[in-house]
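Written out below as structure tokens is the structure these notes cover.
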Amino acid sequence: MRRRRRRRSQQERTEDTRGKILDAAVDCLFLYGYSGTTTTQIAKRAKVSRGAQLHHFPSKAELVSSAVEHLIQRRMVEFREAFDALPEGIDSGDAAIDILWGMVSGRTFGAWLEVTVAARTDRELALHVDEVTARFNDGVRVLFRQLFPELQEHHGFIDIVPDYVFAVLDGLALHHLRQEQPGREQLVLITLKQFIRTAVQAAKSGEFILPAPVGAGSLAVEKKDAATSGPSGTTLP
């Protein structure tokens with residue numbers, strides 16, 4: 001006698017629909033760019049009705065920013081799982097960089113880049129992107145502290161390392177999108193690993209001193225003035 005399949009709950013069906021929409025949005029961002037992506041395209045690719053899509057995500061800005069965050073969170077879980085599965089004897093710092101490069105060199109970075117650039121001139125999108133970025137940065141710092149407990153006492157160092165690593169990887173990923181150069185990319189990754197390894201040793205021995213930003217206050221004021229003043233003295237959004 002065949003067993004009847006368990007009927008999915010309303011929550012499970014809702015999460016499934018939401019996941020399909022988010023995955024479809026990331027695909028569209030990567031394939032067509034932000035300006036070429038429409039909510040109609042996303043609904044069609046996800047095989048859901050426009051009504052269902054609007055129920056979950058009333059605006060394009062909310063949808064695409066949520067989609068990229070959805071993908072980033074999934075990648076962070078995969079990163080943690082891959083890190084935990086590393087065999088003994090592997091340099092954890094080197095492995096972390098390799099795993100992160102695998103994350104940012106694919107469609108995740110491409111989709112995020114599209115949204116980030118579009119947010120520069122889109123106030124509604126910028127609000128969503130800022131929130132996603134803040135949550136991502138907080139999550140990365142927490143994860144790094146968990147993965148490298150031996151650096152916990154070096155507060156400034158452990159907090160700046162993720163920023164430094166992502167600054168390098170993001171720049172490398174940008175070049176990767178335009179022109180893949182595997183040999184050159186590997187040289188950059190090897191150099192990054194050496195820099196981090198040296199800095200970690202210096203931090204542990206007390207030789208690494210994180211300097212305070214020079215002129216940070218005046219620089220911030222200058223940037224704010226430049227961002228809020230238009231060529232004719234008008235205030236920009």
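Residues in the structure tokens are named by chain (A, B, ... in the order shown) and by number from 1 within that chain; ligands are numbered from 1 in the order shown.
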With only C-alpha atoms counted and 9 Å as the cut-off, give the residues of stretch 63-139 of chain A in contact with stretch 151-168 of chain A, each with its shortest interatomic distance in Å and the pair that gives it, as a tab-separated table.
residue	atom	partner	partner_atom	distance
A:Ile97	CA	A:Val165	CA	7.7
A:Leu100	CA	A:Phe166	CA	8.5
A:Val104	CA	A:Phe166	CA	8.9
A:Asn137	CA	A:Asp163	CA	8.4
Those residues with N, CA and C atoms, as an mmCIF file, in the first residue's frame please?
data_model
loop_
_atom_site.group_PDB
_atom_site.id
_atom_site.type_symbol
_atom_site.label_atom_id
_atom_site.label_comp_id
_atom_site.auth_asym_id
_atom_site.auth_seq_id
_atom_site.Cartn_x
_atom_site.Cartn_y
_atom_site.Cartn_z
ATOM 1 N N ILE A 97 40.641 32.312 2.705
ATOM 2 C CA ILE A 97 40.759 33.163 1.524
ATOM 3 C C ILE A 97 40.347 32.407 0.273
ATOM 4 N N LEU A 100 36.528 32.068 0.321
ATOM 5 C CA LEU A 100 35.902 33.364 0.052
ATOM 6 C C LEU A 100 36.041 33.742 -1.412
ATOM 7 N N VAL A 104 33.095 35.020 -4.057
ATOM 8 C CA VAL A 104 32.961 36.345 -4.674
ATOM 9 C C VAL A 104 33.310 36.367 -6.154
ATOM 10 N N ASN A 137 28.282 42.880 6.975
ATOM 11 C CA ASN A 137 29.547 43.217 7.628
ATOM 12 C C ASN A 137 29.571 42.734 9.077
#
Mind the document's chain letters and residue numbers, and return as number ranges by chain the residues of stretch 4-48 of chain A that DSSP labels alpha helix (DSSP H). A: 10-36, 39-46
Given only C-alpha atoms, how would the per-residue table for stretch 93-144 of chain A near stretch 7-30 of chain A read, listing every residue at most 9 Å away with its closest atom pair and distance in Å to one decimal, sorted by chain and number, as JSON lines?
{"residue": "A:Arg107", "atom": "CA", "partner": "A:Phe30", "partner_atom": "CA", "distance": 6.0}
{"residue": "A:Thr108", "atom": "CA", "partner": "A:Val26", "partner_atom": "CA", "distance": 7.8}
{"residue": "A:Phe109", "atom": "CA", "partner": "A:Phe30", "partner_atom": "CA", "distance": 8.8}
{"residue": "A:Gly110", "atom": "CA", "partner": "A:Phe30", "partner_atom": "CA", "distance": 5.7}
{"residue": "A:Ala111", "atom": "CA", "partner": "A:Phe30", "partner_atom": "CA", "distance": 4.9}
{"residue": "A:Trp112", "atom": "CA", "partner": "A:Leu29", "partner_atom": "CA", "distance": 8.3}
{"residue": "A:Glu114", "atom": "CA", "partner": "A:Leu29", "partner_atom": "CA", "distance": 6.8}
{"residue": "A:Val115", "atom": "CA", "partner": "A:Leu29", "partner_atom": "CA", "distance": 8.0}
Could you save the residues just selected, with N, CA and C atoms, as a PDB file, in the first residue's frame?
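Produced file again-v2.pdb, reproduced below:
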ATOM      1  N   ARG A 107      28.537  34.437  -9.566  1.00  0.00           N
ATOM      2  CA  ARG A 107      27.371  35.279  -9.822  1.00  0.00           C
ATOM      3  C   ARG A 107      26.959  36.094  -8.607  1.00  0.00           C
ATOM      4  N   THR A 108      27.364  35.654  -7.397  1.00  0.00           N
ATOM      5  CA  THR A 108      27.019  36.422  -6.201  1.00  0.00           C
ATOM      6  C   THR A 108      27.562  37.836  -6.303  1.00  0.00           C
ATOM      7  N   PHE A 109      28.847  37.954  -6.639  1.00  0.00           N
ATOM      8  CA  PHE A 109      29.464  39.272  -6.739  1.00  0.00           C
ATOM      9  C   PHE A 109      28.867  40.053  -7.900  1.00  0.00           C
ATOM     10  N   GLY A 110      28.630  39.382  -9.029  1.00  0.00           N
ATOM     11  CA  GLY A 110      28.064  40.071 -10.183  1.00  0.00           C
ATOM     12  C   GLY A 110      26.712  40.682  -9.873  1.00  0.00           C
ATOM     13  N   ALA A 111      25.864  39.936  -9.198  1.00  0.00           N
ATOM     14  CA  ALA A 111      24.537  40.438  -8.836  1.00  0.00           C
ATOM     15  C   ALA A 111      24.648  41.578  -7.831  1.00  0.00           C
ATOM     16  N   TRP A 112      25.515  41.401  -6.841  1.00  0.00           N
ATOM     17  CA  TRP A 112      25.689  42.437  -5.814  1.00  0.00           C
ATOM     18  C   TRP A 112      26.254  43.717  -6.423  1.00  0.00           C
ATOM     19  N   GLU A 114      25.796  44.851  -9.444  1.00  0.00           N
ATOM     20  CA  GLU A 114      24.719  45.522 -10.171  1.00  0.00           C
ATOM     21  C   GLU A 114      23.842  46.340  -9.221  1.00  0.00           C
ATOM     22  N   VAL A 115      23.498  45.741  -8.096  1.00  0.00           N
ATOM     23  CA  VAL A 115      22.626  46.412  -7.127  1.00  0.00           C
ATOM     24  C   VAL A 115      23.350  47.587  -6.471  1.00  0.00           C
TER      25      VAL A 115
END
Contacts of A:Phe148 at 10 Å (only C-alpha atoms; same-chain gap of 5+ positions) as a ChimeraX atom specification: /A:92-93,143,158
Residues from the last selection, N, CA and C atoms, saved as a CSV table (one decimal), in the first residue's frame:
chain,number,residue,atom,x,y,z
A,92,SER,N,44.4,27.6,8.2
A,92,SER,CA,43.0,28.1,8.2
A,92,SER,C,42.9,29.4,7.5
A,93,GLY,N,43.9,30.3,7.7
A,93,GLY,CA,43.8,31.6,7.0
A,93,GLY,C,43.8,31.5,5.5
A,143,LEU,N,31.6,35.9,12.4
A,143,LEU,CA,32.1,34.7,11.9
A,143,LEU,C,33.6,34.6,12.0
A,158,ILE,N,41.4,41.9,14.5
A,158,ILE,CA,40.4,40.9,14.0
A,158,ILE,C,39.2,41.6,13.3
How far is it from atom CA of A:Leu169 to atom CA of A:Phe136, in Å with one decimal?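 Those two atoms sit 15.5 Å apart.
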From A:Val132, A:Leu127, A:Ile196, A:Ala119, residue lying nearest A:Ser35 [only C-alpha atoms]: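 Checking each of A:Val132, A:Leu127, A:Ile196, A:Ala119 against A:Ser35, counting only C-alpha atoms, the winner is A:Ala119.
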Between atom CA of A:Arg135 and atom CA of A:Gln186 - distance in Å to one decimal: 29.6 Å
